[in-house]
Each structure stands twice: as C-alpha cells, then as structure tokens.
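A short write-up of the structure that comes next.
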Number of protein chains: 2
Amino acid sequence: MAEDIASLSIGQVAERTGLSVHALRFYEQEGVFVDPVRRGPGGRRVYSENDVDWLTVCIILRASGMPLPALRRYADLVRAGVGNEEERLALLREHREHVTSQIGRLTQCLDLIGFKVGLYEDLLDEAQRAIEPGRPRPSDGGDAPASTPGTSA
Amino acid sequence: MAEDIASLSIGQVAERTGLSVHALRFYEQEGVFVDPVRRGPGGRRVYSENDVDWLTVCIILRASGMPLPALRRYADLVRAGVGNEEERLALLREHREHVTSQIGRLTQCLDLIGFKVGLYEDLLDEAQRAIEPGRPRPSDGGDAPASTPGTSA
DNA sequence: CTAGGAGCTCGAGTCGGCTCTAGGTCAAGC
DNA sequence: GCTTGACCTAGAGCCGACTCGAGCTCCTAG
C-alpha cells in the first residue's frame, strides 16, 4: 500500500487548504480530525493526503454553516468505524435541510433588496431625466414611509 | 397629519419584531435607527410605526448577513436626507452581490452534501439488500479515501 | 403602603471561531 | 557560534452581536 508518499507539514497544509496554522491546530484540538494527527521528529505534525481530503470536506461543511461541534460529532462517527452509517446520514441530512432553508431565507432577502435597488434606480433615473425640465424632485427611496414591503411584497 | 396613532413601548416593539428589548436598546446605541428614538414620560422609549418599519428592513438585512456597521452607514445616509441616493444604491447593490455570492457558495456546498447523502443512502440500501445473501460489506461512505470530490466533482 | 411589572443606564459576561503572544526546540545556512 | 525560520505548547485576546445583572425610577392594583 503506497501511503506515505504524501506527508505534509502544517505549513504546507495551511497553504493548500487556506486555513491558518493556528486554525489547523485549533481544529485538531477541537477533535475535528478523524484520526489523531501523526507526529514527526521533534513532535511536529505530519499530515497525510487523507487528512487533507477530510479537511477539504470540513471546510465545505463549515462554509455552509456547520458548527465545529457538529463537525466533531461527524468525525467521531467516522472514527468509530462501520456501523453508524445511519447516524452519519442523519447528520448530513439535517445539515442539508439547514442549508436549504438558509438558501431560502437568503433568496427572500434578495427579493427585498432587489426591490429597494429597483426603487433607487428608478428614482435616480427620473432625477436624471428631470434635469432638462429642471423640476426638483422629492427624494424618497422607500425608506421612511409606508412604501416598504414588510410583508406585503 | 395622523402620526401619533402608533406609539409603541419597547416591549411591544420587541414582541412584534421578534427582537429582544436588549437588542433594541443595543441597536439604538449602535446608531441603527434613522431618527433618535423618542422618549416619553420617565425617559421611556416611544417607537413609531416608522421605526418599526425601518426595523423590519433592518432585520431582513441582518438576516442576509449585513453587519451592524453597514446598517448604521445606511441609516446615516437616510438620516442625512436627499442627495446621497447613489451611495445608498451602491450600498444596497454591494450587499446584494454579497448575498448572491453567498447563495452560490451554499448551493455548491449543497451539491457536496447531496453527493455524500447519496453515497450513504446507496450504502445503506445495499447493506439492507445484502441481508438475505448474508454477505458482510466493507463500509465506506466516501469519508476517508480518495473517493471524495474535492475539486473533481 | 407595598408589591409587581415595565422601563431605565451602565457595564460585565457569553459564545463561536479563530488569532496572537510568549517562550521554547530544532535544523540548516552563513 | 549565531541567526533565521518553521514548528511546538499553553494560554490570552479579539470580534460581532447580543445577553444578562445590578441597582434605580415609575406607575398601577390590591
């Protein structure tokens, strides 16, 4: 089994994952790694390709809002080995729901923002066009009064 | 001008916005309100419908990840009145980009998670089906080895 | 008249997720 | 021999966004 081809220092892992060395040590301490990070001469951390692959997954999960404790739970399950696949699946599904609902909320927000952007664009357009007739405009982007779509749009 | 119909206490505003009274005071202190919250007898805060409308917008912006300082900047602009609509527009557009990119990232994450969920589902399906033939399976949901789609899927 | 409840201010505490510092080891290069 | 640079540990610090607590003022109801 060719397995020791890739042994990386913490600095190298930091470089290729984009995590800081601090964060890497922190993650280790938080139990995010599946197997304990090996140590080389002088107690230095030695990472395998596996470790990096796992980290890659972790980074994606983190980026989608999975908190470290959940990541740790997941790692715990994987570490425990065969037999808890249902639990892993449950964890992943739960997180997936979380992410989809997050996307849903963001999309709603996007609507409001788009609406407001539209208002301001119109307003500025109009003002632009009004320069020739020279008619001063009462500026209102829908900020103060009742024109905001709280629930209504 | 019918304007004082709606004057709400901090508790009422908390109730109908879902923010805590603590948060409301905090937001005020952070300059998130467009106009200074009025005070009633005994120095108690008195909120108008306008305030609540503004808060509603704020909540949505916050929910989409706008940090308080940005919210404050926005409020500053609105407070300053007519003439800075371009700046408001810029701020909103910037935030919109932020939100869209956020959605993009989340959607990518969703792909990975869906992929992994699929793997585990298949695995468990298979295991289920294997009960009759009675063949024990080597469990691998794509966690440790190179089957994870780091960049490749 | 007193107890409760809502509000006030100011300042401290919390939580998550890092980030930074201090003080030390080791190996390589000048 | 000395510096430099990458690494080590343990622990403190930081940031954002609240949350909570102490100690106070009111008003109202029993």
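Labels used: A, B, ... for chains in the order of the structure tokens, numbers from 1 for residues in each chain, and numbers from 1 for ligands as shown.
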Each chain C residue no farther than 12 Å from chain A, nearest pair in Å, only C-alpha atoms (C1' of nucleotides), as JSON lines:
{"residue": "C:DC15", "atom": "C1'", "partner": "A:Pro67", "partner_atom": "CA", "distance": 11.9}
{"residue": "C:DG16", "atom": "C1'", "partner": "A:Pro67", "partner_atom": "CA", "distance": 8.3}
{"residue": "C:DG17", "atom": "C1'", "partner": "A:Leu68", "partner_atom": "CA", "distance": 8.6}
{"residue": "C:DC18", "atom": "C1'", "partner": "A:Ala23", "partner_atom": "CA", "distance": 6.5}
{"residue": "C:DT19", "atom": "C1'", "partner": "A:His22", "partner_atom": "CA", "distance": 7.2}
{"residue": "C:DC20", "atom": "C1'", "partner": "A:His22", "partner_atom": "CA", "distance": 9.2}
{"residue": "C:DT25", "atom": "C1'", "partner": "A:Gly42", "partner_atom": "CA", "distance": 7.5}
{"residue": "C:DC26", "atom": "C1'", "partner": "A:Gly42", "partner_atom": "CA", "distance": 7.0}
{"residue": "C:DA27", "atom": "C1'", "partner": "A:Gly42", "partner_atom": "CA", "distance": 10.4}
Against chain A, which residues of chain B fall within 6 Å? For each one I want the closest pair of atoms and the distance in Å (one decimal), counting only C-alpha atoms, rows by chain and increasing residue number, as CSV.
residue,atom,partner,partner_atom,distance
B:Ile60,CA,A:Cys109,CA,6.0
B:Ser64,CA,A:Leu106,CA,5.6
B:Val82,CA,A:Ser139,CA,5.6
B:Ile103,CA,A:Ile103,CA,5.9
B:Leu106,CA,A:Ser64,CA,5.6
B:Cys109,CA,A:Ile60,CA,6.0
B:Ser139,CA,A:Val82,CA,5.7
Using only C-alpha atoms (C1' of nucleotides), select each residue of chain A with any atom at most 10 Å away from an atom of chain D, and give the selection as an mmCIF file with C-alpha atoms, in the first residue's frame.
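Below is the file part_17.cif, written as the result:
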data_model
loop_
_atom_site.group_PDB
_atom_site.id
_atom_site.type_symbol
_atom_site.label_atom_id
_atom_site.label_comp_id
_atom_site.auth_asym_id
_atom_site.auth_seq_id
_atom_site.Cartn_x
_atom_site.Cartn_y
_atom_site.Cartn_z
ATOM 1 C CA SER A 9 3.925 19.863 7.296
ATOM 2 C CA ILE A 10 1.401 22.098 8.955
ATOM 3 C CA GLY A 11 2.627 24.976 6.857
ATOM 4 C CA GLY A 42 10.600 16.985 17.223
ATOM 5 C CA GLY A 43 6.892 16.491 17.766
ATOM 6 C CA ARG A 44 5.988 18.166 14.507
ATOM 7 C CA ARG A 45 2.653 17.449 12.931
#
Once DSSP has gone over the backbone, tell me which residues of chain B are in alpha helix (DSSP H), as number ranges by chain. B: 10-17, 21-29, 49-63, 68-80, 85-130
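With atom CA of A:Val46 on one side and atom CA of A:Met66 on the other, the separation reads 26.0 Å.
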